[in-house]
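Coordinates as given in protein-v2.txt (compact mmCIF, N, CA and C atoms):
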# COMPACT_ATOMS: atom_id res chain seq x y z
N MET A 1 -33.03 39.88 -45.24
CA MET A 1 -33.91 41.01 -44.96
C MET A 1 -34.36 41.62 -46.28
N ALA A 2 -35.47 42.26 -46.27
CA ALA A 2 -36.01 42.88 -47.48
C ALA A 2 -36.38 44.33 -47.18
N LYS A 3 -36.40 45.14 -48.22
CA LYS A 3 -36.84 46.52 -48.10
C LYS A 3 -38.24 46.63 -48.69
N THR A 4 -39.02 47.53 -48.13
CA THR A 4 -40.37 47.77 -48.63
C THR A 4 -40.40 49.12 -49.33
N TYR A 5 -41.02 49.12 -50.50
CA TYR A 5 -41.17 50.34 -51.28
C TYR A 5 -42.64 50.50 -51.65
N LYS A 6 -43.00 51.76 -51.96
CA LYS A 6 -44.32 52.02 -52.52
C LYS A 6 -44.14 52.85 -53.78
N TYR A 7 -45.11 52.69 -54.69
CA TYR A 7 -45.11 53.48 -55.91
C TYR A 7 -46.54 53.61 -56.41
N GLN A 8 -46.76 54.61 -57.25
CA GLN A 8 -48.06 54.78 -57.88
C GLN A 8 -47.96 54.36 -59.34
N LYS A 9 -48.86 53.48 -59.75
CA LYS A 9 -48.92 53.07 -61.14
C LYS A 9 -49.38 54.27 -61.97
N ILE A 10 -48.83 54.38 -63.16
CA ILE A 10 -49.22 55.45 -64.08
C ILE A 10 -50.04 54.81 -65.18
N ILE A 11 -51.29 55.22 -65.28
CA ILE A 11 -52.20 54.61 -66.24
C ILE A 11 -52.56 55.64 -67.31
N THR A 12 -52.28 55.28 -68.57
CA THR A 12 -52.63 56.13 -69.70
C THR A 12 -53.64 55.37 -70.57
N PRO A 13 -54.21 56.02 -71.57
CA PRO A 13 -55.14 55.29 -72.45
C PRO A 13 -54.46 54.14 -73.21
N ILE A 14 -53.14 54.19 -73.30
CA ILE A 14 -52.42 53.18 -74.08
C ILE A 14 -51.79 52.09 -73.23
N THR A 15 -51.25 52.47 -72.07
CA THR A 15 -50.52 51.48 -71.26
C THR A 15 -50.58 51.82 -69.78
N THR A 16 -50.12 50.88 -68.98
CA THR A 16 -49.96 51.09 -67.54
C THR A 16 -48.49 50.93 -67.20
N TYR A 17 -47.93 51.94 -66.56
CA TYR A 17 -46.54 51.88 -66.13
C TYR A 17 -46.50 51.42 -64.68
N ALA A 18 -45.68 50.43 -64.43
CA ALA A 18 -45.55 49.88 -63.08
C ALA A 18 -44.08 49.54 -62.84
N LEU A 19 -43.81 48.95 -61.71
CA LEU A 19 -42.47 48.54 -61.35
C LEU A 19 -41.90 47.58 -62.39
N VAL A 20 -40.66 47.81 -62.80
CA VAL A 20 -39.97 46.90 -63.71
C VAL A 20 -39.10 45.98 -62.85
N GLU A 21 -39.34 44.69 -62.97
CA GLU A 21 -38.58 43.71 -62.19
C GLU A 21 -37.42 43.17 -63.02
N PRO A 22 -36.41 42.63 -62.36
CA PRO A 22 -35.28 42.06 -63.11
C PRO A 22 -35.69 40.78 -63.83
N ASP A 23 -34.87 40.35 -64.76
CA ASP A 23 -35.09 39.08 -65.46
C ASP A 23 -34.56 37.97 -64.53
N TYR A 24 -35.47 37.37 -63.79
CA TYR A 24 -35.09 36.39 -62.76
C TYR A 24 -34.36 35.19 -63.36
N GLU A 25 -34.83 34.69 -64.48
CA GLU A 25 -34.21 33.51 -65.10
C GLU A 25 -32.81 33.83 -65.59
N LEU A 26 -32.65 34.95 -66.29
CA LEU A 26 -31.34 35.33 -66.82
C LEU A 26 -30.33 35.52 -65.69
N LEU A 27 -30.76 36.13 -64.62
CA LEU A 27 -29.86 36.42 -63.49
C LEU A 27 -29.81 35.27 -62.48
N LYS A 28 -30.59 34.22 -62.73
CA LYS A 28 -30.64 33.05 -61.85
C LYS A 28 -30.97 33.44 -60.40
N LEU A 29 -31.98 34.25 -60.26
CA LEU A 29 -32.41 34.70 -58.94
C LEU A 29 -33.53 33.79 -58.43
N LYS A 30 -33.39 33.35 -57.19
CA LYS A 30 -34.42 32.50 -56.59
C LYS A 30 -35.48 33.33 -55.90
N GLU A 31 -35.06 34.41 -55.23
CA GLU A 31 -36.02 35.27 -54.54
C GLU A 31 -36.61 36.26 -55.54
N ARG A 32 -37.85 36.65 -55.27
CA ARG A 32 -38.55 37.56 -56.18
C ARG A 32 -39.14 38.74 -55.42
N VAL A 33 -39.40 39.80 -56.16
CA VAL A 33 -40.12 40.94 -55.61
C VAL A 33 -41.55 40.48 -55.35
N ARG A 34 -42.09 40.89 -54.21
CA ARG A 34 -43.42 40.44 -53.82
C ARG A 34 -44.31 41.65 -53.55
N GLU A 35 -45.47 41.68 -54.20
CA GLU A 35 -46.45 42.74 -53.94
C GLU A 35 -47.15 42.40 -52.63
N ILE A 36 -47.15 43.36 -51.69
CA ILE A 36 -47.71 43.06 -50.38
C ILE A 36 -49.00 43.81 -50.09
N GLY A 37 -49.38 44.72 -50.97
CA GLY A 37 -50.66 45.38 -50.76
C GLY A 37 -50.78 46.69 -51.49
N GLU A 38 -51.97 47.27 -51.38
CA GLU A 38 -52.26 48.58 -51.95
C GLU A 38 -52.95 49.41 -50.88
N LEU A 39 -52.60 50.70 -50.86
CA LEU A 39 -53.18 51.61 -49.88
C LEU A 39 -53.14 53.02 -50.43
N ASP A 40 -54.28 53.66 -50.46
CA ASP A 40 -54.38 55.07 -50.81
C ASP A 40 -53.72 55.39 -52.17
N GLY A 41 -53.93 54.50 -53.15
CA GLY A 41 -53.40 54.73 -54.49
C GLY A 41 -51.97 54.27 -54.71
N PHE A 42 -51.35 53.72 -53.68
CA PHE A 42 -49.97 53.23 -53.80
C PHE A 42 -49.95 51.70 -53.78
N THR A 43 -49.04 51.13 -54.54
CA THR A 43 -48.78 49.70 -54.52
C THR A 43 -47.52 49.49 -53.70
N TYR A 44 -47.57 48.57 -52.76
CA TYR A 44 -46.44 48.28 -51.88
C TYR A 44 -45.79 46.97 -52.30
N VAL A 45 -44.45 46.98 -52.38
CA VAL A 45 -43.70 45.79 -52.75
C VAL A 45 -42.57 45.55 -51.77
N GLU A 46 -42.23 44.29 -51.62
CA GLU A 46 -41.11 43.89 -50.77
C GLU A 46 -40.01 43.39 -51.68
N VAL A 47 -38.82 43.99 -51.57
CA VAL A 47 -37.70 43.65 -52.44
C VAL A 47 -36.61 43.00 -51.59
N PRO A 48 -36.34 41.70 -51.81
CA PRO A 48 -35.28 41.03 -51.06
C PRO A 48 -33.91 41.67 -51.33
N ASP A 49 -33.02 41.58 -50.36
CA ASP A 49 -31.68 42.15 -50.53
C ASP A 49 -30.93 41.53 -51.70
N SER A 50 -31.25 40.30 -52.04
CA SER A 50 -30.55 39.61 -53.13
C SER A 50 -31.01 40.06 -54.51
N VAL A 51 -32.05 40.89 -54.56
CA VAL A 51 -32.60 41.35 -55.84
C VAL A 51 -32.25 42.82 -56.04
N THR A 52 -31.65 43.12 -57.19
CA THR A 52 -31.37 44.50 -57.57
C THR A 52 -32.34 44.89 -58.66
N LEU A 53 -33.12 45.91 -58.40
CA LEU A 53 -34.09 46.37 -59.40
C LEU A 53 -33.38 47.12 -60.51
N PRO A 54 -33.88 47.01 -61.74
CA PRO A 54 -33.30 47.81 -62.83
C PRO A 54 -33.37 49.30 -62.49
N SER A 55 -32.37 50.05 -62.89
CA SER A 55 -32.29 51.46 -62.52
C SER A 55 -33.23 52.34 -63.35
N ASP A 56 -33.65 51.88 -64.51
CA ASP A 56 -34.52 52.68 -65.37
C ASP A 56 -36.00 52.40 -65.11
N GLN A 57 -36.44 52.77 -63.92
CA GLN A 57 -37.83 52.54 -63.52
C GLN A 57 -38.74 53.63 -64.09
N PRO A 58 -39.91 53.27 -64.62
CA PRO A 58 -40.84 54.28 -65.12
C PRO A 58 -41.67 54.92 -64.00
N VAL A 59 -41.52 54.43 -62.77
CA VAL A 59 -42.25 54.96 -61.62
C VAL A 59 -41.26 55.34 -60.53
N LEU A 60 -41.69 56.22 -59.64
CA LEU A 60 -40.84 56.63 -58.52
C LEU A 60 -41.05 55.67 -57.36
N LEU A 61 -39.95 55.04 -56.92
CA LEU A 61 -40.01 54.14 -55.77
C LEU A 61 -39.67 54.91 -54.50
N ILE A 62 -40.50 54.74 -53.47
CA ILE A 62 -40.31 55.42 -52.20
C ILE A 62 -40.21 54.36 -51.11
N GLU A 63 -39.16 54.42 -50.30
CA GLU A 63 -39.08 53.47 -49.17
C GLU A 63 -40.29 53.70 -48.29
N ALA A 64 -40.89 52.61 -47.82
CA ALA A 64 -42.15 52.74 -47.09
C ALA A 64 -42.32 51.64 -46.06
N ASN A 65 -43.32 51.83 -45.23
CA ASN A 65 -43.74 50.83 -44.25
C ASN A 65 -45.26 50.77 -44.34
N LEU A 66 -45.78 49.70 -44.92
CA LEU A 66 -47.22 49.57 -45.15
C LEU A 66 -48.01 49.71 -43.85
N GLU A 67 -47.58 49.06 -42.80
CA GLU A 67 -48.34 49.10 -41.54
C GLU A 67 -48.34 50.51 -40.95
N ALA A 68 -47.21 51.20 -40.99
CA ALA A 68 -47.16 52.58 -40.47
C ALA A 68 -48.02 53.50 -41.32
N ASP A 69 -48.02 53.29 -42.64
CA ASP A 69 -48.86 54.10 -43.52
C ASP A 69 -50.34 53.84 -43.26
N LYS A 70 -50.70 52.61 -42.91
CA LYS A 70 -52.10 52.31 -42.55
C LYS A 70 -52.50 53.09 -41.30
N ILE A 71 -51.60 53.13 -40.33
CA ILE A 71 -51.88 53.87 -39.09
C ILE A 71 -52.03 55.36 -39.40
N ASN A 72 -51.17 55.90 -40.26
CA ASN A 72 -51.28 57.31 -40.64
C ASN A 72 -52.63 57.59 -41.30
N LEU A 73 -53.05 56.71 -42.20
CA LEU A 73 -54.33 56.88 -42.88
C LEU A 73 -55.49 56.81 -41.89
N GLN A 74 -55.42 55.87 -40.94
CA GLN A 74 -56.47 55.75 -39.92
C GLN A 74 -56.55 57.00 -39.05
N THR A 75 -55.39 57.59 -38.76
CA THR A 75 -55.35 58.81 -37.96
C THR A 75 -56.04 59.95 -38.70
N VAL A 76 -55.74 60.10 -39.98
CA VAL A 76 -56.37 61.15 -40.78
C VAL A 76 -57.88 60.90 -40.88
N GLN A 77 -58.27 59.65 -41.09
CA GLN A 77 -59.70 59.33 -41.19
C GLN A 77 -60.44 59.66 -39.89
N LYS A 78 -59.80 59.41 -38.77
CA LYS A 78 -60.42 59.72 -37.48
C LYS A 78 -60.64 61.23 -37.34
N ILE A 79 -59.64 62.01 -37.78
CA ILE A 79 -59.77 63.47 -37.73
C ILE A 79 -60.86 63.92 -38.70
N ARG A 80 -60.91 63.33 -39.88
CA ARG A 80 -61.90 63.71 -40.91
C ARG A 80 -63.34 63.40 -40.48
N GLN A 81 -63.51 62.45 -39.57
CA GLN A 81 -64.86 62.16 -39.08
C GLN A 81 -65.44 63.37 -38.35
N ARG A 82 -64.56 64.17 -37.78
CA ARG A 82 -65.03 65.34 -37.03
C ARG A 82 -64.77 66.66 -37.76
N TYR A 83 -63.64 66.75 -38.48
CA TYR A 83 -63.26 68.01 -39.13
C TYR A 83 -62.90 67.77 -40.59
N SER A 84 -63.44 68.60 -41.48
CA SER A 84 -63.07 68.54 -42.90
C SER A 84 -61.75 69.29 -43.09
N VAL A 85 -61.19 69.18 -44.27
CA VAL A 85 -59.96 69.93 -44.58
C VAL A 85 -60.23 71.42 -44.45
N ASN A 86 -61.39 71.87 -44.94
CA ASN A 86 -61.73 73.29 -44.83
C ASN A 86 -61.85 73.73 -43.37
N ASP A 87 -62.42 72.85 -42.53
CA ASP A 87 -62.51 73.16 -41.10
C ASP A 87 -61.11 73.35 -40.51
N GLU A 88 -60.20 72.47 -40.91
CA GLU A 88 -58.84 72.56 -40.37
C GLU A 88 -58.13 73.83 -40.83
N ILE A 89 -58.33 74.20 -42.09
CA ILE A 89 -57.73 75.45 -42.59
C ILE A 89 -58.27 76.64 -41.80
N LYS A 90 -59.56 76.61 -41.51
CA LYS A 90 -60.18 77.68 -40.72
C LYS A 90 -59.53 77.75 -39.33
N MET A 91 -59.34 76.57 -38.71
CA MET A 91 -58.75 76.54 -37.36
C MET A 91 -57.31 77.09 -37.39
N LEU A 92 -56.58 76.77 -38.45
CA LEU A 92 -55.22 77.28 -38.57
C LEU A 92 -55.22 78.80 -38.72
N ARG A 93 -56.18 79.32 -39.48
CA ARG A 93 -56.29 80.78 -39.65
C ARG A 93 -56.61 81.45 -38.31
N LEU A 94 -57.44 80.78 -37.51
CA LEU A 94 -57.79 81.35 -36.20
C LEU A 94 -56.60 81.34 -35.24
N GLY A 95 -55.66 80.44 -35.50
CA GLY A 95 -54.43 80.42 -34.71
C GLY A 95 -54.60 80.06 -33.25
N GLY A 96 -55.59 79.31 -32.92
CA GLY A 96 -55.78 78.90 -31.53
C GLY A 96 -56.36 79.99 -30.65
N ALA A 97 -56.90 81.04 -31.28
CA ALA A 97 -57.41 82.18 -30.52
C ALA A 97 -58.81 81.97 -29.95
N THR A 98 -59.50 80.95 -30.43
CA THR A 98 -60.88 80.73 -29.96
C THR A 98 -60.97 79.39 -29.23
N ALA A 99 -62.05 79.22 -28.51
CA ALA A 99 -62.28 77.94 -27.81
C ALA A 99 -62.44 76.81 -28.83
N GLU A 100 -63.10 77.12 -29.96
CA GLU A 100 -63.30 76.12 -31.01
C GLU A 100 -61.95 75.65 -31.57
N ALA A 101 -61.04 76.58 -31.82
CA ALA A 101 -59.72 76.22 -32.35
C ALA A 101 -58.91 75.43 -31.32
N LYS A 102 -59.04 75.78 -30.06
CA LYS A 102 -58.33 75.04 -29.01
C LYS A 102 -58.86 73.62 -28.89
N GLU A 103 -60.19 73.48 -29.02
CA GLU A 103 -60.81 72.15 -28.98
C GLU A 103 -60.33 71.30 -30.15
N TRP A 104 -60.27 71.91 -31.34
CA TRP A 104 -59.77 71.21 -32.53
C TRP A 104 -58.33 70.75 -32.31
N ASN A 105 -57.49 71.66 -31.83
CA ASN A 105 -56.08 71.33 -31.62
C ASN A 105 -55.92 70.20 -30.62
N THR A 106 -56.68 70.22 -29.55
CA THR A 106 -56.61 69.16 -28.54
C THR A 106 -57.00 67.82 -29.14
N PHE A 107 -58.08 67.81 -29.93
CA PHE A 107 -58.53 66.58 -30.57
C PHE A 107 -57.49 66.04 -31.55
N VAL A 108 -56.96 66.90 -32.40
CA VAL A 108 -55.96 66.47 -33.40
C VAL A 108 -54.72 65.94 -32.70
N GLU A 109 -54.24 66.62 -31.70
CA GLU A 109 -53.04 66.17 -30.98
C GLU A 109 -53.28 64.82 -30.30
N LYS A 110 -54.49 64.60 -29.79
CA LYS A 110 -54.84 63.30 -29.20
C LYS A 110 -54.79 62.21 -30.26
N CYS A 111 -55.36 62.49 -31.43
CA CYS A 111 -55.34 61.50 -32.53
C CYS A 111 -53.91 61.21 -32.97
N ARG A 112 -53.11 62.26 -33.09
CA ARG A 112 -51.71 62.08 -33.50
C ARG A 112 -50.93 61.26 -32.46
N ALA A 113 -51.17 61.53 -31.18
CA ALA A 113 -50.47 60.80 -30.12
C ALA A 113 -50.85 59.31 -30.15
N GLU A 114 -52.13 59.03 -30.40
CA GLU A 114 -52.56 57.63 -30.51
C GLU A 114 -51.89 56.95 -31.70
N GLY A 115 -51.79 57.66 -32.82
CA GLY A 115 -51.12 57.11 -34.00
C GLY A 115 -49.65 56.87 -33.76
N THR A 116 -49.00 57.80 -33.10
CA THR A 116 -47.57 57.65 -32.78
C THR A 116 -47.35 56.47 -31.85
N ALA A 117 -48.20 56.32 -30.85
CA ALA A 117 -48.09 55.19 -29.92
C ALA A 117 -48.28 53.87 -30.66
N ALA A 118 -49.22 53.82 -31.59
CA ALA A 118 -49.45 52.59 -32.36
C ALA A 118 -48.24 52.26 -33.23
N LYS A 119 -47.61 53.28 -33.82
CA LYS A 119 -46.42 53.04 -34.65
C LYS A 119 -45.24 52.61 -33.79
N GLU A 120 -45.11 53.18 -32.58
CA GLU A 120 -44.04 52.76 -31.68
C GLU A 120 -44.21 51.30 -31.27
N LEU A 121 -45.45 50.90 -31.03
CA LEU A 121 -45.76 49.52 -30.70
C LEU A 121 -45.41 48.62 -31.88
N LEU A 122 -45.69 49.09 -33.08
CA LEU A 122 -45.36 48.35 -34.30
C LEU A 122 -43.86 48.11 -34.40
N VAL A 123 -43.06 49.12 -34.09
CA VAL A 123 -41.59 48.99 -34.14
C VAL A 123 -41.13 47.96 -33.13
N LYS A 124 -41.72 47.94 -31.94
CA LYS A 124 -41.34 46.97 -30.91
C LYS A 124 -41.67 45.55 -31.34
N VAL A 125 -42.79 45.38 -32.03
CA VAL A 125 -43.20 44.05 -32.49
C VAL A 125 -42.23 43.55 -33.56
N VAL A 126 -41.77 44.44 -34.46
CA VAL A 126 -40.87 44.07 -35.54
C VAL A 126 -39.51 43.66 -35.00
N LYS A 127 -39.04 44.33 -33.93
CA LYS A 127 -37.71 44.01 -33.36
C LYS A 127 -37.77 42.73 -32.66
Could you render the structure from this file as structure tokens?
Amino acid sequence: MAKTYKYQKIITPITTYALVEPDYELLKLKERVREIGELDGFTYVEVPDSVTLPSDQPVLLIEANLEADKINLQTVQKIRQRYSVNDEIKMLRLGGATAEAKEWNTFVEKCRAEGTAAKELLVKVVK
């Protein structure tokens, strides 16, 4: 089994900081870390259980699920098609006191429920 992590590369005028992988030849490791994609500024990697990453990483590694993160991004994009961030802040200030705020809340909750259902389906497929 492998774990999935995400991290953001740090790019300066002089260098790019990314994941530091172990010395596979020195450690005689057959399995390798595999980059599985990029999403929303993050690079996703799959690390086999047999591989131990060096502890002195120049980037922050976060356990992640690429497919679930894609669903989260799609959910936000669906909401953004109808409401901007400023619109949502306005609705929060209104506190559900108007018909417009209630309509917004109903729409957002519907989008969130669809995203949650898609992620639950994803978990069933993985098992």
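The environment of Glu63 in chain A within 10 Å, counting only C-alpha atoms and disregarding residues fewer than 4 places along the same chain, consists of Lys3, Thr4, Tyr5, Lys6, Tyr7, Tyr44, Val45 and Glu46 of chain A.
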message = Please determine, counting all atoms listed in the file, which residue among A:Ala113, A:Leu53, A:Ile14, A:Leu122 has the shortest atom-to-atom distance to Ala68 in chain A.
response =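 Once distances to Ala68 in chain A are computed over all atoms listed in the file, the minimum belongs to A:Leu122.
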note = In Å and to one decimal, atom N of Ala117 in chain A is distant from CA of Val76 in chain A by 13.7 Å
task = Mind checking which residues fall within 8 Å of Leu39 in chain A, counting all atoms listed in the file, ignoring those fewer than 6 positions away in the same chain, and posting them as a ChimeraX atom specification?
result = /A:66,69-70
File of the preceding selection, N, CA and C atoms, as a CSV table (one decimal), in the frame of the given file:
chain,number,residue,atom,x,y,z
A,66,LEU,N,-45.8,49.7,-44.9
A,66,LEU,CA,-47.2,49.6,-45.2
A,66,LEU,C,-48.0,49.7,-43.8
A,69,ASP,N,-48.0,53.3,-42.6
A,69,ASP,CA,-48.9,54.1,-43.5
A,69,ASP,C,-50.3,53.8,-43.3
A,70,LYS,N,-50.7,52.6,-42.9
A,70,LYS,CA,-52.1,52.3,-42.6
A,70,LYS,C,-52.5,53.1,-41.3
query = How would you write, as a ChimeraX atom specification, the set of residues in range 54-117 of chain A that DSSP gives as helix (DSSP H, G or I)?
reply = /A:66-82,85-94,99-117
query = For Glu67 in chain A, which of A:Arg93, A:Ile10, A:Lys119, A:Glu31 is the closest residue, counting all atoms listed in the file?
reply = A:Lys119
remark   = Of A:Ser50, A:Asn86, A:Asn105, A:Thr75, the one sitting nearest Leu29 in chain A when using all atoms listed in the file is A:Ser50
key: Length of the atom N of Pro58 in chain A to CA of Met1 in chain A vector [Å]   = 23.9 Å
query = Nearest to Leu121 in chain A among A:Arg82, A:Ile71, A:Asp87, A:Val51, with distances taken over only C-alpha atoms: which residue is it?
reply =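 The closest residue to Leu121 in chain A is A:Ile71.
One finds atom N of Asn72 in chain A at 27.3 Å from atom C of Asp49 in chain A.
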Counting all atoms listed in the file, the option among A:Glu100, A:Arg34, A:Gly41, A:Val59 closest to Leu19 in chain A =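 Counting all atoms listed in the file, the residue closest to Leu19 in chain A is A:Val59.
The residue that comes closest to Leu73 in chain A, out of A:Glu25, A:Asp40, A:Glu88, A:Glu109 and on the basis of only C-alpha atoms, is A:Asp40.
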task = Within 10 Å of (-35.7, 51.0, -62.8) (coordinates as in the file), grab all the protein and nucleic acid residues, counting only C-alpha atoms, and write them out as an NGL selection string.
result = :A and (18-22 or 52-61)
